[in-house]
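Engineer: So here's structure.cif (mmCIF, C-alpha atoms).
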```cif
data_coords
#
loop_
_atom_site.label_atom_id
_atom_site.label_comp_id
_atom_site.auth_asym_id
_atom_site.auth_seq_id
_atom_site.Cartn_x
_atom_site.Cartn_y
_atom_site.Cartn_z
CA MET A 1 114.43 79.52 89.32
CA GLY A 2 116.17 81.76 91.83
CA VAL A 3 114.85 85.15 92.91
CA LEU A 4 116.83 88.21 93.95
CA ILE A 5 114.96 90.76 96.09
CA ILE A 6 116.41 94.25 96.29
CA GLY A 7 115.90 95.90 99.68
CA GLY A 8 116.17 95.25 103.38
CA GLY A 9 112.99 96.42 105.08
CA GLY A 10 109.72 95.00 106.33
CA ARG A 11 108.24 95.09 102.83
CA GLU A 12 111.06 92.93 101.49
CA HIS A 13 110.76 90.52 104.42
CA ALA A 14 107.04 90.13 103.70
CA MET A 15 107.69 89.48 100.00
CA ALA A 16 110.43 86.96 100.86
CA TYR A 17 107.97 85.25 103.23
CA ALA A 18 105.38 84.94 100.45
CA LEU A 19 107.87 83.89 97.76
CA HIS A 20 109.32 81.28 100.13
CA LYS A 21 105.91 79.54 100.06
CA SER A 22 105.89 79.32 96.26
CA ASP A 23 106.50 75.96 94.57
CA MET A 24 107.74 77.85 91.50
CA ALA A 25 110.46 79.89 93.18
CA GLY A 26 113.89 78.42 93.77
CA ASP A 27 116.55 79.87 96.03
CA ILE A 28 115.71 83.31 97.37
CA TYR A 29 118.34 85.99 97.87
CA CYS A 30 117.95 89.47 99.31
CA ALA A 31 120.33 92.43 99.09
CA PRO A 32 121.05 93.62 101.67
CA GLY A 33 118.35 91.84 103.72
CA ASN A 34 118.02 91.89 107.51
CA ALA A 35 117.97 89.55 110.50
CA GLY A 36 114.41 88.41 109.83
CA ILE A 37 114.82 87.92 106.09
CA ALA A 38 117.77 85.64 106.86
CA GLN A 39 115.26 83.08 108.19
CA VAL A 40 113.76 82.55 104.70
CA ALA A 41 116.42 83.80 102.28
CA THR A 42 120.15 84.25 101.83
CA CYS A 43 121.07 87.82 102.70
CA LEU A 44 123.68 89.67 100.66
CA PRO A 45 124.91 92.64 102.74
CA ASP A 46 127.99 93.05 100.56
CA LEU A 47 126.22 93.22 97.19
CA ASP A 48 126.18 96.87 96.12
CA VAL A 49 122.74 97.30 94.56
CA THR A 50 123.78 100.66 93.09
CA ASP A 51 126.31 98.74 90.98
CA GLN A 52 123.98 97.50 88.28
CA LYS A 53 126.58 95.28 86.65
CA ALA A 54 127.28 93.60 89.98
CA VAL A 55 123.57 92.85 90.36
CA ARG A 56 123.49 91.41 86.84
CA ASP A 57 126.56 89.26 87.47
CA PHE A 58 125.14 87.89 90.70
CA MET A 59 121.91 86.90 88.98
CA TYR A 60 123.76 85.19 86.14
CA ASP A 61 126.10 83.36 88.52
CA ASN A 62 123.30 82.14 90.79
CA ASN A 63 120.67 81.16 88.21
CA CYS A 64 118.27 83.90 89.28
CA GLY A 65 115.44 84.26 86.79
CA LEU A 66 113.60 87.13 88.47
CA CYS A 67 114.66 90.35 90.18
CA VAL A 68 112.10 91.91 92.53
CA ILE A 69 112.84 95.56 93.27
CA GLY A 70 111.39 96.61 96.62
CA PRO A 71 112.30 100.29 97.21
CA GLU A 72 111.63 103.16 94.85
CA GLN A 73 115.18 104.52 94.49
CA PRO A 74 116.61 101.64 92.39
CA LEU A 75 113.62 102.00 90.05
CA VAL A 76 114.24 105.71 89.67
CA ASP A 77 117.92 104.98 89.10
CA GLY A 78 117.06 102.71 86.17
CA LEU A 79 118.00 99.28 87.57
CA SER A 80 114.98 97.64 85.93
CA ASP A 81 115.89 99.11 82.52
CA TYR A 82 119.45 97.87 82.75
CA LEU A 83 118.51 94.33 83.81
CA ARG A 84 115.88 94.09 81.06
CA SER A 85 118.51 95.15 78.55
CA GLU A 86 120.49 92.15 79.80
CA LYS A 87 117.48 89.86 79.22
CA ILE A 88 116.74 89.46 82.95
CA PRO A 89 113.06 89.53 83.99
CA VAL A 90 112.32 92.29 86.50
CA PHE A 91 109.29 92.92 88.68
CA GLY A 92 109.13 96.69 88.71
CA PRO A 93 108.48 99.52 86.25
CA SER A 94 110.96 101.23 83.98
CA GLN A 95 112.72 104.42 85.01
CA ALA A 96 110.32 106.40 82.83
CA ALA A 97 107.23 104.72 84.26
CA ALA A 98 108.54 105.14 87.83
CA GLN A 99 108.01 108.89 87.36
CA LEU A 100 104.51 108.17 88.68
CA GLU A 101 106.18 108.11 92.08
CA ALA A 102 109.36 110.05 91.46
CA SER A 103 107.56 113.23 90.36
CA LYS A 104 104.25 114.34 91.81
CA SER A 105 103.94 116.97 89.08
CA PHE A 106 104.30 114.24 86.43
CA THR A 107 101.41 112.33 87.99
CA LYS A 108 99.28 115.46 88.21
CA GLN A 109 99.84 116.14 84.52
CA LEU A 110 98.82 112.57 83.72
CA CYS A 111 95.66 113.08 85.77
CA ASP A 112 94.86 116.18 83.73
CA ALA A 113 95.42 114.35 80.45
CA GLN A 114 93.38 111.28 81.45
CA ASN A 115 90.62 113.04 83.43
CA ILE A 116 91.58 111.18 86.61
CA PRO A 117 89.94 112.69 89.72
CA THR A 118 92.49 114.32 92.01
CA ALA A 119 92.93 117.39 94.19
CA ALA A 120 93.24 120.86 92.66
CA TYR A 121 96.92 121.78 92.60
CA GLY A 122 99.72 124.04 91.49
CA VAL A 123 103.39 123.27 90.82
CA PHE A 124 105.98 125.89 91.77
CA ASP A 125 109.72 126.47 91.69
CA THR A 126 109.71 129.61 93.84
CA ALA A 127 108.43 130.15 97.35
CA ASP A 128 106.60 133.38 96.53
CA ALA A 129 104.53 131.77 93.78
CA ALA A 130 103.67 128.82 96.01
CA LYS A 131 102.59 131.12 98.84
CA ALA A 132 100.38 133.08 96.46
CA TYR A 133 98.57 129.87 95.51
CA VAL A 134 98.10 129.04 99.18
CA GLU A 135 96.18 132.29 99.51
CA GLU A 136 93.94 131.23 96.62
CA LEU A 137 93.17 127.85 98.18
CA GLY A 138 92.28 129.20 101.60
CA THR A 139 93.21 128.15 105.11
CA LYS A 140 93.98 124.43 104.83
CA CYS A 141 96.16 122.87 102.13
CA VAL A 142 98.77 120.19 101.52
CA ILE A 143 102.41 120.98 100.71
CA LYS A 144 104.41 118.28 98.91
CA ALA A 145 108.01 117.97 97.82
CA ASP A 146 107.82 117.05 94.15
CA GLY A 147 110.50 114.35 94.31
CA LEU A 148 111.26 111.33 96.47
CA ALA A 149 111.49 112.07 100.19
CA ALA A 150 111.25 108.60 101.79
CA GLY A 151 107.53 109.02 102.48
CA LYS A 152 108.08 112.14 104.59
CA GLY A 153 107.85 114.97 102.05
CA VAL A 154 104.18 115.75 102.64
CA ILE A 155 103.01 118.36 105.15
CA MET A 156 99.36 118.81 106.05
CA ALA A 157 99.08 122.54 106.70
CA GLU A 158 96.00 123.50 108.72
CA ASN A 159 96.59 127.22 108.40
CA THR A 160 98.36 129.71 106.17
CA ALA A 161 101.29 130.17 108.55
CA GLY A 162 101.93 126.43 108.60
CA ALA A 163 101.74 126.24 104.81
CA GLU A 164 104.18 129.11 104.35
CA ALA A 165 106.61 127.59 106.85
CA ALA A 166 106.45 124.25 105.01
CA ILE A 167 107.09 125.96 101.68
CA GLU A 168 110.05 127.90 103.04
CA GLY A 169 111.48 124.73 104.59
CA MET A 170 111.23 122.77 101.38
CA PHE A 171 112.90 125.44 99.28
CA ALA A 172 115.55 125.79 102.01
CA GLY A 173 116.46 122.14 101.61
CA ASP A 174 114.54 120.32 104.34
CA PHE A 175 113.99 117.44 101.91
CA GLY A 176 117.09 117.93 99.80
CA ALA A 177 116.71 117.87 96.03
CA ALA A 178 113.18 116.46 96.38
CA GLY A 179 111.99 119.91 97.43
CA ALA A 180 113.51 121.85 94.54
CA LYS A 181 109.99 121.95 93.12
CA VAL A 182 106.88 122.07 95.31
CA VAL A 183 103.31 120.94 94.71
CA VAL A 184 100.55 122.74 96.61
CA GLU A 185 97.21 120.93 96.75
CA GLU A 186 93.75 121.59 98.05
CA TRP A 187 92.89 119.82 101.29
CA LEU A 188 90.58 116.89 100.53
CA GLU A 189 88.06 115.79 103.12
CA GLY A 190 87.39 112.08 103.45
CA GLU A 191 89.08 108.83 104.42
CA GLU A 192 92.41 107.67 103.01
CA ALA A 193 92.93 104.16 101.68
CA SER A 194 95.24 102.22 99.37
CA PHE A 195 94.39 100.16 96.29
CA PHE A 196 96.84 97.73 94.67
CA ALA A 197 96.92 96.19 91.20
CA PHE A 198 99.38 94.19 89.14
CA CYS A 199 100.06 95.50 85.62
CA ASP A 200 101.78 93.89 82.63
CA GLY A 201 101.95 97.10 80.60
CA GLU A 202 98.46 96.70 79.19
CA ASN A 203 96.34 94.45 81.40
CA ILE A 204 95.38 94.93 85.03
CA LEU A 205 94.92 92.38 87.82
CA PRO A 206 93.22 94.06 90.79
CA LEU A 207 94.63 92.88 94.11
CA THR A 208 93.26 94.04 97.44
CA THR A 209 93.10 97.12 99.66
CA ALA A 210 94.69 98.45 102.81
CA GLN A 211 94.78 101.48 105.03
CA ASP A 212 97.90 102.77 106.73
CA HIS A 213 98.70 105.21 109.51
CA LYS A 214 101.27 107.78 108.39
CA ARG A 215 101.34 110.04 111.45
CA VAL A 216 103.69 109.17 114.29
CA GLY A 217 101.19 109.87 117.07
CA GLU A 218 97.98 108.22 118.20
CA GLY A 219 94.81 109.72 116.82
CA ASP A 220 96.77 110.36 113.60
CA THR A 221 98.68 113.28 115.05
CA GLY A 222 102.26 114.49 114.74
CA LEU A 223 104.76 114.23 111.92
CA ASN A 224 104.36 112.07 108.85
CA THR A 225 106.46 108.91 108.85
CA GLY A 226 107.11 106.04 106.48
CA GLY A 227 104.13 104.36 108.16
CA MET A 228 103.35 103.31 111.74
CA GLY A 229 100.91 100.52 110.93
CA ALA A 230 98.37 99.22 108.45
CA TYR A 231 95.44 96.85 108.05
CA SER A 232 93.84 94.98 105.18
CA PRO A 233 91.30 95.08 103.69
CA ALA A 234 90.17 98.71 104.02
CA PRO A 235 86.42 98.67 104.72
CA VAL A 236 85.91 102.11 103.15
CA LEU A 237 86.83 100.50 99.80
CA ASP A 238 83.82 98.23 99.39
CA LYS A 239 83.08 96.36 96.16
CA ASP A 240 81.32 99.29 94.50
CA MET A 241 84.03 101.78 95.46
CA CYS A 242 86.77 99.41 94.24
CA GLY A 243 84.95 99.24 90.92
CA ARG A 244 85.00 103.02 90.67
CA VAL A 245 88.70 103.16 91.55
CA LEU A 246 89.48 100.64 88.84
CA LYS A 247 87.39 102.42 86.19
CA GLU A 248 88.07 106.05 87.07
CA ILE A 249 91.71 105.90 88.22
CA ILE A 250 93.64 102.69 87.53
CA GLU A 251 92.46 101.92 83.99
CA PRO A 252 92.98 105.45 82.61
CA THR A 253 96.41 105.55 84.25
CA VAL A 254 97.56 102.32 82.60
CA LYS A 255 96.13 103.41 79.24
CA GLY A 256 97.73 106.84 79.55
CA MET A 257 101.13 105.41 80.40
CA ALA A 258 100.98 103.02 77.44
CA ARG A 259 99.92 105.87 75.14
CA ARG A 260 102.96 107.89 76.25
CA GLY A 261 105.25 105.02 75.28
CA THR A 262 106.08 104.25 78.91
CA PRO A 263 103.97 101.15 79.66
CA TYR A 264 103.68 100.36 83.34
CA THR A 265 104.67 96.89 84.60
CA GLY A 266 104.77 95.72 88.20
CA VAL A 267 102.53 96.69 91.07
CA LEU A 268 100.64 99.98 90.94
CA PHE A 269 99.89 101.34 94.41
CA ALA A 270 97.29 104.09 94.47
CA GLY A 271 96.98 106.27 97.54
CA LEU A 272 93.38 107.50 97.59
CA MET A 273 91.04 109.85 99.39
CA ILE A 274 87.49 108.57 99.49
CA THR A 275 85.43 111.76 99.44
CA ALA A 276 81.71 112.45 99.37
CA ASP A 277 82.04 112.63 95.57
CA GLY A 278 83.92 109.35 95.28
CA PRO A 279 87.59 108.33 95.03
CA LYS A 280 90.30 110.85 94.25
CA LEU A 281 93.95 110.06 93.64
CA ILE A 282 96.37 111.46 96.21
CA GLU A 283 99.53 109.88 94.87
CA TYR A 284 100.98 106.81 93.17
CA ASN A 285 103.76 104.56 94.39
CA ALA A 286 105.62 102.50 91.83
CA ARG A 287 106.19 99.57 94.20
CA PHE A 288 104.53 97.82 97.12
CA GLY A 289 103.97 99.99 100.18
CA ASP A 290 105.55 99.61 103.60
CA PRO A 291 103.91 98.65 105.98
CA GLU A 292 100.90 97.80 103.77
CA THR A 293 102.74 94.89 102.12
CA GLN A 294 103.17 93.17 105.47
CA ALA A 295 99.40 93.21 105.99
CA LEU A 296 98.79 92.07 102.40
CA MET A 297 101.22 89.15 102.20
CA VAL A 298 99.79 87.26 105.19
CA ARG A 299 96.38 87.30 103.47
CA MET A 300 97.61 86.24 100.02
CA ARG A 301 96.55 82.72 99.00
CA SER A 302 97.71 82.74 95.38
CA ASP A 303 101.30 82.25 94.27
CA LEU A 304 103.15 85.56 94.45
CA PHE A 305 105.94 84.32 92.19
CA ALA A 306 103.45 83.39 89.45
CA ASN A 307 101.97 86.89 89.60
CA MET A 308 105.35 88.61 89.56
CA ILE A 309 106.87 86.62 86.71
CA ALA A 310 103.73 87.22 84.61
CA CYS A 311 104.13 90.98 85.09
CA ALA A 312 107.85 90.78 84.39
CA ASN A 313 107.34 88.81 81.17
CA GLY A 314 104.51 91.03 79.91
CA GLU A 315 102.03 88.14 79.96
CA LYS A 316 98.29 88.61 79.76
CA LEU A 317 97.37 88.96 83.42
CA ASP A 318 93.69 88.63 82.65
CA ASN A 319 94.28 85.20 81.12
CA THR A 320 97.15 83.56 82.98
CA VAL A 321 97.06 84.32 86.70
CA THR A 322 94.66 85.13 89.50
CA ALA A 323 94.95 86.74 92.92
CA TRP A 324 93.18 85.10 95.85
CA TRP A 325 93.03 86.35 99.41
CA GLU A 326 92.18 84.80 102.77
CA ASP A 327 88.77 85.87 104.02
CA GLU A 328 90.41 87.37 107.08
CA VAL A 329 91.55 90.74 108.34
CA SER A 330 95.20 91.49 109.02
CA VAL A 331 96.83 94.18 111.13
CA THR A 332 100.45 95.35 111.15
CA VAL A 333 101.80 97.40 114.04
CA VAL A 334 105.20 99.04 113.54
CA MET A 335 107.65 99.14 116.41
CA ALA A 336 110.07 102.03 115.93
CA ALA A 337 113.10 103.38 117.77
CA LYS A 338 112.31 106.17 120.23
CA GLY A 339 112.89 109.51 118.52
CA TYR A 340 111.73 108.36 115.08
CA PRO A 341 110.98 110.05 112.65
CA GLY A 342 113.63 112.36 114.10
CA SER A 343 117.00 111.28 115.44
CA TYR A 344 117.24 107.96 117.24
CA GLU A 345 119.90 105.69 118.69
CA LYS A 346 121.02 102.38 117.21
CA GLY A 347 122.41 99.27 118.84
CA SER A 348 119.80 98.24 121.40
CA GLU A 349 118.90 94.57 121.84
CA ILE A 350 115.41 93.22 121.22
CA LYS A 351 114.22 90.20 123.22
CA GLY A 352 111.15 87.97 123.26
CA LEU A 353 110.60 87.63 119.50
CA GLU A 354 110.21 83.85 119.54
CA GLU A 355 107.56 84.04 122.25
CA ALA A 356 105.79 86.84 120.41
CA ALA A 357 105.60 84.80 117.20
CA ALA A 358 104.40 81.59 118.87
CA ASP A 359 100.79 82.22 117.78
CA PRO A 360 100.42 80.76 114.25
CA MET A 361 98.26 83.77 113.36
CA VAL A 362 101.18 86.13 114.04
CA GLU A 363 104.14 86.94 111.81
CA ILE A 364 106.96 89.30 112.75
CA PHE A 365 108.54 91.04 109.79
CA HIS A 366 111.89 92.69 110.43
CA ALA A 367 112.99 96.04 109.03
CA GLY A 368 115.90 97.78 110.78
CA THR A 369 117.52 94.77 112.45
CA THR A 370 120.75 92.84 112.35
CA GLU A 371 122.00 89.77 114.20
CA LYS A 372 125.12 89.99 116.35
CA ASP A 373 126.40 87.16 118.53
CA GLY A 374 123.00 85.49 118.42
CA LYS A 375 121.19 88.68 119.48
CA ILE A 376 118.73 90.78 117.46
CA ILE A 377 119.94 94.37 117.37
CA ALA A 378 117.96 97.45 116.28
CA ILE A 379 119.78 99.50 113.63
CA GLY A 380 116.98 101.54 112.04
CA GLY A 381 114.06 103.87 112.65
CA ARG A 382 111.19 101.52 111.85
CA VAL A 383 112.47 98.22 113.23
CA LEU A 384 109.73 95.56 113.53
CA ASN A 385 106.33 94.90 111.96
CA ILE A 386 104.07 92.81 114.19
CA THR A 387 101.43 91.35 111.88
CA ALA A 388 98.42 89.29 112.90
CA ARG A 389 95.34 87.79 111.25
CA GLY A 390 91.86 87.36 112.67
CA LYS A 391 88.24 86.87 111.71
CA ASP A 392 87.73 90.64 112.04
CA ILE A 393 89.70 93.77 112.81
CA ILE A 394 89.18 93.45 116.56
CA GLU A 395 90.55 89.92 116.78
CA ALA A 396 93.49 90.66 114.50
CA ARG A 397 94.40 93.76 116.45
CA GLU A 398 94.14 91.95 119.79
CA LYS A 399 96.54 89.28 118.54
CA ALA A 400 99.03 91.85 117.28
CA TYR A 401 99.12 93.78 120.53
CA ALA A 402 99.26 90.57 122.59
CA ALA A 403 102.38 89.63 120.63
CA ILE A 404 103.92 93.07 121.20
CA ASN A 405 103.40 92.66 124.95
CA LYS A 406 105.79 89.70 124.81
CA ILE A 407 108.58 91.73 123.22
CA TYR A 408 111.12 93.39 125.50
CA TRP A 409 112.58 96.49 123.86
CA PRO A 410 112.59 99.53 126.17
CA GLU A 411 114.20 101.64 123.44
CA GLY A 412 111.21 101.18 121.11
CA PHE A 413 107.68 102.54 120.85
CA TYR A 414 104.50 101.90 118.86
CA ARG A 415 101.06 103.33 118.31
CA LYS A 416 98.31 101.66 120.32
CA ASP A 417 95.42 102.62 118.02
CA ILE A 418 96.25 100.99 114.69
CA GLY A 419 93.03 100.16 112.85
CA TRP A 420 90.88 102.52 114.89
CA ARG A 421 88.69 103.58 111.97
CA ALA A 422 87.86 99.98 111.07
CA VAL A 423 87.18 99.15 114.71
CA GLU A 424 84.76 102.07 115.00
CA ARG A 425 83.03 101.00 111.78
CA LEU A 426 82.67 97.41 113.01
CA GLU A 427 81.34 98.54 116.39
CA ARG A 428 78.74 100.63 114.57
CA GLY A 429 77.67 97.47 112.79
CA GLN A 430 78.95 98.58 109.37
CA GLY A 431 80.40 95.33 108.13
CA LYS A 432 82.73 92.54 109.15
CA ASN A 433 85.94 94.48 108.94
#
```
As structure tokens - that is how I would like this structure written.

Structural biologist:
Amino acid sequence: MGVLIIGGGGREHAMAYALHKSDMAGDIYCAPGNAGIAQVATCLPDLDVTDQKAVRDFMYDNNCGLCVIGPEQPLVDGLSDYLRSEKIPVFGPSQAAAQLEASKSFTKQLCDAQNIPTAAYGVFDTADAAKAYVEELGTKCVIKADGLAAGKGVIMAENTAGAEAAIEGMFAGDFGAAGAKVVVEEWLEGEEASFFAFCDGENILPLTTAQDHKRVGEGDTGLNTGGMGAYSPAPVLDKDMCGRVLKEIIEPTVKGMARRGTPYTGVLFAGLMITADGPKLIEYNARFGDPETQALMVRMRSDLFANMIACANGEKLDNTVTAWWEDEVSVTVVMAAKGYPGSYEKGSEIKGLEEAAADPMVEIFHAGTTEKDGKIIAIGGRVLNITARGKDIIEAREKAYAAINKIYWPEGFYRKDIGWRAVERLERGQGKN
């Protein structure tokens, strides 16, 4: 059975890598794909994924029995609904269920209805009202564009002036239509982490955990990005804390979505803050994260295709499939074009990738790349994801950075402190990871 993956980033490369290992999956296609994905799948740069009928026709013509939607926008645009109406199995939630990511105010309202722990908040459609709520919260707060903003529509405001500037910028169009409505939240103290689970609309299959680095600068400073690196598992989410996340956040979410008549199928990605009082939900993503997926897929032992098709077919996840993980730690370091997340130049050549990937514990997942005349060319902001496994966070990180040192790309940059929290925890003797 063939598989069509929608997307062309590091997340999609990692999923193609895992699906390629499945005995159940047939030919793998990816639209549009990238230079790295082309090593394990057939890339389709000319297939217009916004043309839902064209996607359907391709799947019919090429005996594809599963569509895996990587990015959030096709979900919000209703691609999964259309393909299901054409009797094509899809891994990804419906347009209505994807509101968990598409609208932060929708998710906040669900939290209220289901008593899910989250930050205090207000939703506003005028700058003056939002600024008044900032005054109520105090000095530090978080300003979020309500809609999709490619992972960049969140501003951590450490003072009132910064919060007001963020509010004015959003209503002025800094994030386009995503900022037409603004969510202002209290500033939660704690450690961020990510929890993943497969859902079939009713049942839940817990997966594993990760922690990413959103800020562009070392020490978690500077602007938010789509993600500069990640590692898995996240030590702050130990067995007891994972149990609380499942009971207090994931289960009531799935029940609440089913009760609303919008059952959730696919992967549910919870962004969390682990506070002194326990886990609190920061946000949901209606798809796998990037770069978290890269760190997850190299640890996955079970068959990804089996998990995905069970979700797509609404099977009983608690009875039919399992999720097993290597007892290792993985680290992903993102190499980005200089200037990212602002303006950056395209067209530079990247060398040394074969040497960098010579270690069997290292995988290089491509994002913004293309191949031209046998050369790998950078064409995006986040370009490469250097991913390594090890017995602990220190070994995995050493392998990742050793691989990066073999890559010649003067036009790129990367953070040199990915995984620093886990390293500090391990050095303090608080666990393997």

Engineer: Residues within 8 Å of Val329 (chain A), please, as a ChimeraX atom specification. Count only C-alpha atoms; anything in the same chain fewer than 3 positions from it doesn't count.

Structural biologist: /A:231-233,299,389-393,396,433

Engineer: Might you pull out every residue within 8 Å of region 114-128 of chain A, with all atoms listed in the file counted and same-chain residues fewer than 6 positions away left off, and present them as number ranges by chain?

Structural biologist: A: 105, 108, 167-168, 171, 180-188, 248-249, 252-253, 256, 279-282

Engineer: Output C-alpha atoms of each residue in that selection to a file, as a compact mmCIF listing (two decimals), keeping the file's coordinate frame.

Structural biologist:
```txt
# COMPACT_ATOMS: atom_id res chain seq x y z
CA SER A 105 103.94 116.97 89.08
CA LYS A 108 99.28 115.46 88.21
CA ILE A 167 107.09 125.96 101.68
CA GLU A 168 110.05 127.90 103.04
CA PHE A 171 112.90 125.44 99.28
CA ALA A 180 113.51 121.85 94.54
CA LYS A 181 109.99 121.95 93.12
CA VAL A 182 106.88 122.07 95.31
CA VAL A 183 103.31 120.94 94.71
CA VAL A 184 100.55 122.74 96.61
CA GLU A 185 97.21 120.93 96.75
CA GLU A 186 93.75 121.59 98.05
CA TRP A 187 92.89 119.82 101.29
CA LEU A 188 90.58 116.89 100.53
CA GLU A 248 88.07 106.05 87.07
CA ILE A 249 91.71 105.90 88.22
CA PRO A 252 92.98 105.45 82.61
CA THR A 253 96.41 105.55 84.25
CA GLY A 256 97.73 106.84 79.55
CA PRO A 279 87.59 108.33 95.03
CA LYS A 280 90.30 110.85 94.25
CA LEU A 281 93.95 110.06 93.64
CA ILE A 282 96.37 111.46 96.21
```

Engineer: Which of these, A:Arg11, A:His366, A:Lys104, A:Lys255, has the shortest distance to Ala38 (chain A) once you count all atoms listed in the file?

Structural biologist: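 Smallest distance to Ala38 (chain A) is found for A:His366.
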
Engineer: Please provide the set of residues having any atom within 9 Å of Val383 (chain A), restricted to all atoms listed in the file, with same-chain residues fewer than 3 positions apart removed, written as JSON, numbers by chain.

Structural biologist: {"A": [9, 10, 334, 335, 336, 337, 365, 366, 367, 368, 369, 378, 379, 380, 412]}

Engineer: Since I can't run it myself right now, could you work out what the PyMOL selection byres ((chain A and resi 63) around 9) selects here and report it as a list in words?

Structural biologist: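 Taken on the displayed file, the PyMOL selection byres ((chain A and resi 63) around 9) yields the residues Met1, Gly2, Val3, Asp27, Phe58, Met59, Tyr60, Asp61, Asn62, Cys64 and Gly65 of chain A.
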
Engineer: Applied to the shown file, which residues does the PyMOL selection byres ((chain A and resi 210) around 9) return, written as a PyMOL selection string?

Structural biologist: chain A and resi 193-196+208-209+211-212+230-235+237+292-293+295-296

Engineer: Given the selection you just returned, output its residues as a file containing C-alpha atoms, formatted as a tab-separated table (two decimals), in the coordinates of the input.

Structural biologist:
```
chain	number	residue	atom	x	y	z
A	193	ALA	CA	92.93	104.16	101.68
A	194	SER	CA	95.24	102.22	99.37
A	195	PHE	CA	94.39	100.16	96.29
A	196	PHE	CA	96.84	97.73	94.67
A	208	THR	CA	93.26	94.04	97.44
A	209	THR	CA	93.10	97.12	99.66
A	211	GLN	CA	94.78	101.48	105.03
A	212	ASP	CA	97.90	102.77	106.73
A	230	ALA	CA	98.37	99.22	108.45
A	231	TYR	CA	95.44	96.85	108.05
A	232	SER	CA	93.84	94.98	105.18
A	233	PRO	CA	91.30	95.08	103.69
A	234	ALA	CA	90.17	98.71	104.02
A	235	PRO	CA	86.42	98.67	104.72
A	237	LEU	CA	86.83	100.50	99.80
A	292	GLU	CA	100.90	97.80	103.77
A	293	THR	CA	102.74	94.89	102.12
A	295	ALA	CA	99.40	93.21	105.99
A	296	LEU	CA	98.79	92.07	102.40
```

Engineer: Suppose you want the space between CA of Ala177 (chain A) and CA of Lys53 (chain A); what is it in Å?

Structural biologist: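 For CA of Ala177 (chain A) relative to CA of Lys53 (chain A), the distance reads 26.4 Å.
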
Engineer: Kindly resolve the PyMOL selection byres ((chain A and resi 28) around 12) on the present coordinates and return the residues as number ranges by chain.

Structural biologist: A: 1-6, 12-13, 15-22, 24-27, 29-31, 33, 37-44, 59, 62-68, 305

Engineer: Which one is closest to Asp417 (chain A): A:Asp290, A:Glu363, A:Asp220, A:Asp277? Count all atoms listed in the file.

Structural biologist: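 Smallest distance to Asp417 (chain A) is found for A:Asp220.
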
Engineer: With distances taken over all atoms listed in the file, which of A:Glu398, A:Gly271, A:Ala310, A:Ala102 is nearest to Glu283 (chain A)?

Structural biologist: A:Gly271

Engineer: I'd like to know which of A:Met297, A:Ala306, A:Ala312, A:Ile350 is closest to Glu371 (chain A), using all atoms listed in the file.

Structural biologist: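 Ranked by minimum distance to Glu371 (chain A), first place goes to A:Ile350.
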